[in-house]
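Data first, discussion second: the structure below is written as structure tokens.
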Amino acid sequence: MEFNDKKIVITGASSGIGLELLKELAAVPGTQIAGVARHTDAIAELGLPGVTALSYDMSGPGHIDAMLGEALRLLGRIDVFFANAGFAYYGEANTADWTRTQDIFAVNTYAPIYTLQKLAALQKGMSFSYVVTDSALAKAAIPGFAYYSATKYALDVFFEAYRYEQPHDITLSVVYPVATKTNFFKRAADAAPLPFPTQTPVEVARAVIRGVRRKRKKIYPFASFGFFNWLWNFLPFLKSGYLALENNKFQKWRKRQQNKRRDRE
């Protein structure tokens, strides 16, 4: 599939992977893009032709319904939808916190699922591509990222099952980026360590665009990850060793946070 003259929506478009997707696709002749984010200054400041910034919060059905309605009024139809909005949380999972759990699942898991269901109904049989930003952490639950990994695992298994029911007019691609060097993970917690390996948002965005062009069902921007994920099933000690290294990072981070709390008391 080529992107020329396509009507595109990108959520989480104000930073990171979403912003790079927007910039790359805005350069394709004839594209019209709705860039969706809670805060749209970064999108508007680009001044890109064919790009309109839409300010919406993806944390609830009312917001999503309104966003889809405005995007369809603006574009007339949606050829490609990038469900990219999400946020990370890094920290301990011992404390009962219903609000935190509800908030991260609402944006990372419920929103991409609900958006696809609503968009399919609104498009009324018109074909479109739906591209979901999942995560490599859906395949490897890393210490410190319990909440985030859980949201992405739930998303992964939902779309695995959904493929059996998937209408013929929907092309579904699920993306599994490794840790991306953006403010996304910096906002996860104070001095949260990045999981290994890492990529830049430009690398991820370009890999996603290549994958969508080729109609890939699963897109691994870090090419080796798909292989290692397969290999771990046969050599589980490799995964155990990797998780031990990441746990060491988490324990050091937790110790630093405990020391900071003691210093403030």
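Letters for chains follow the order of the structure tokens (A, B, ...), residue numbers begin at 1 for each chain, and ligand numbers begin at 1 in the order shown.
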**OP:** Do a neighbour search on Asn183 of chain A at 12 Å with only C-alpha atoms, toss out local chain neighbours closer than 5 positions, and write the hits as a list in words.
**Re:** Ser14, Ser15, Gly16, Ile17, Phe87, Ala88, Ala188, Ala189, Asp190, Ala191, Ala192, Leu194, Thr200 and Pro201 of chain A
Go ahead and save the residues from that selection, with N, CA and C atoms, as a short mmCIF file (atom, residue, chain, number, x, y, z; two decimals), in the first residue's frame.
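Wrote selection.cif, looks like this:
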```
data_model
loop_
_atom_site.label_atom_id
_atom_site.label_comp_id
_atom_site.auth_asym_id
_atom_site.auth_seq_id
_atom_site.Cartn_x
_atom_site.Cartn_y
_atom_site.Cartn_z
N SER A 14 2.08 14.33 19.04
CA SER A 14 2.81 15.54 19.43
C SER A 14 4.26 15.28 19.83
N SER A 15 4.66 14.01 19.93
CA SER A 15 6.03 13.71 20.35
C SER A 15 6.39 12.29 19.93
N GLY A 16 7.67 11.98 20.04
CA GLY A 16 8.15 10.62 19.85
C GLY A 16 7.82 10.01 18.51
N ILE A 17 7.41 8.75 18.55
CA ILE A 17 7.11 8.01 17.32
C ILE A 17 6.00 8.68 16.53
N PHE A 87 1.06 5.83 27.33
CA PHE A 87 2.05 6.35 28.27
C PHE A 87 2.62 5.21 29.09
N ALA A 88 3.82 5.45 29.60
CA ALA A 88 4.52 4.43 30.38
C ALA A 88 4.50 4.79 31.86
N ALA A 188 8.10 8.26 32.45
CA ALA A 188 7.60 7.08 33.17
C ALA A 188 7.87 7.17 34.67
N ALA A 189 9.00 7.79 35.04
CA ALA A 189 9.38 7.95 36.45
C ALA A 189 10.65 8.76 36.50
N ASP A 190 10.98 9.22 37.68
CA ASP A 190 12.21 9.97 37.88
C ASP A 190 13.42 9.09 37.57
N ALA A 191 14.18 9.47 36.53
CA ALA A 191 15.42 8.77 36.16
C ALA A 191 15.20 7.28 35.89
N ALA A 192 14.07 6.95 35.28
CA ALA A 192 13.80 5.55 34.95
C ALA A 192 14.81 5.05 33.92
N LEU A 194 16.31 3.04 30.78
CA LEU A 194 15.75 2.51 29.54
C LEU A 194 16.06 1.02 29.43
N THR A 200 15.91 5.05 17.97
CA THR A 200 15.43 6.43 17.89
C THR A 200 14.01 6.42 17.31
N PRO A 201 13.22 7.46 17.60
CA PRO A 201 11.86 7.51 17.02
C PRO A 201 11.85 7.58 15.51
#
```
**OP:** Skip Pro197 of chain A itself and residues of its chain fewer than 6 positions away, then list as a ChimeraX atom specification all residues within 12 Å of it, counting only C-alpha atoms.
**Re:** /A:136-137,177-181,221-225,228,242,246
Original post:
Tell me, which residues of segment 49-257 of chain A carry DSSP strand (DSSP E), written as a PyMOL selection string?
Top reply: chain A and resi 51-55+80-83+128-133+170-175+179-180+198-199+218-219
Original post:
What's the 9 Å shell around segment 58-68 of chain A, counting only C-alpha atoms, without same-chain residues fewer than 2 positions away, as an NGL selection string?
Top reply: :A and (11-12 or 36-38 or 54-56 or 70-73 or 85-86 or 103-108 or 110-112 or 114-115 or 118-119 or 122)
Subject >> Length of the atom CA of Arg163 of chain A to atom CA of Glu203 of chain A vector [Å] >> reply: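 Distance reported for this atom pair: 27.0 Å.
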Original post:
What lies within 9 Å of Glu92 of chain A using only C-alpha atoms, ignoring chain neighbours under 5 positions off, as a PyMOL selection string?
Top reply: chain A and resi 143-146+254
Create the file for the chosen residues now, containing N, CA and C atoms and written as a PDB file, in the first residue's frame.
```pdb
ATOM      1  N   PRO A 143      10.948  -6.056  34.992  1.00  0.00           N
ATOM      2  CA  PRO A 143      10.757  -5.488  36.323  1.00  0.00           C
ATOM      3  C   PRO A 143      10.708  -3.963  36.268  1.00  0.00           C
ATOM      4  N   GLY A 144       9.762  -3.386  36.985  1.00  0.00           N
ATOM      5  CA  GLY A 144       9.583  -1.938  36.982  1.00  0.00           C
ATOM      6  C   GLY A 144       8.513  -1.486  36.004  1.00  0.00           C
ATOM      7  N   PHE A 145       8.282  -2.277  34.978  1.00  0.00           N
ATOM      8  CA  PHE A 145       7.287  -1.950  33.961  1.00  0.00           C
ATOM      9  C   PHE A 145       6.073  -2.879  34.042  1.00  0.00           C
ATOM     10  N   ALA A 146       5.717  -3.304  35.243  1.00  0.00           N
ATOM     11  CA  ALA A 146       4.618  -4.264  35.401  1.00  0.00           C
ATOM     12  C   ALA A 146       3.319  -3.738  34.809  1.00  0.00           C
ATOM     13  N   ARG A 254      15.310   1.499  42.496  1.00  0.00           N
ATOM     14  CA  ARG A 254      14.473   1.496  43.690  1.00  0.00           C
ATOM     15  C   ARG A 254      15.277   1.947  44.910  1.00  0.00           C
TER      16      ARG A 254
END
```
Original post:
Can you tell me, as a list in words, what residues are no more than 8 Å from Val132 of chain A when counting only C-alpha atoms, ignoring any on the same chain fewer than 4 positions away?
Top reply: Phe82, Ala83, Asn84, Pro112, Leu172, Ser173, Val174 and Val175 of chain A
**OP:** Have a look at A:Ile170, A:Ala42, A:Ala154, A:Leu243 and name the one nearest to Val131 of chain A; count only C-alpha atoms.
**Re:** A:Ile170
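Straight-line separation from atom CA of Gln117 of chain A to atom CA of Val51 of chain A: 24.8 Å.
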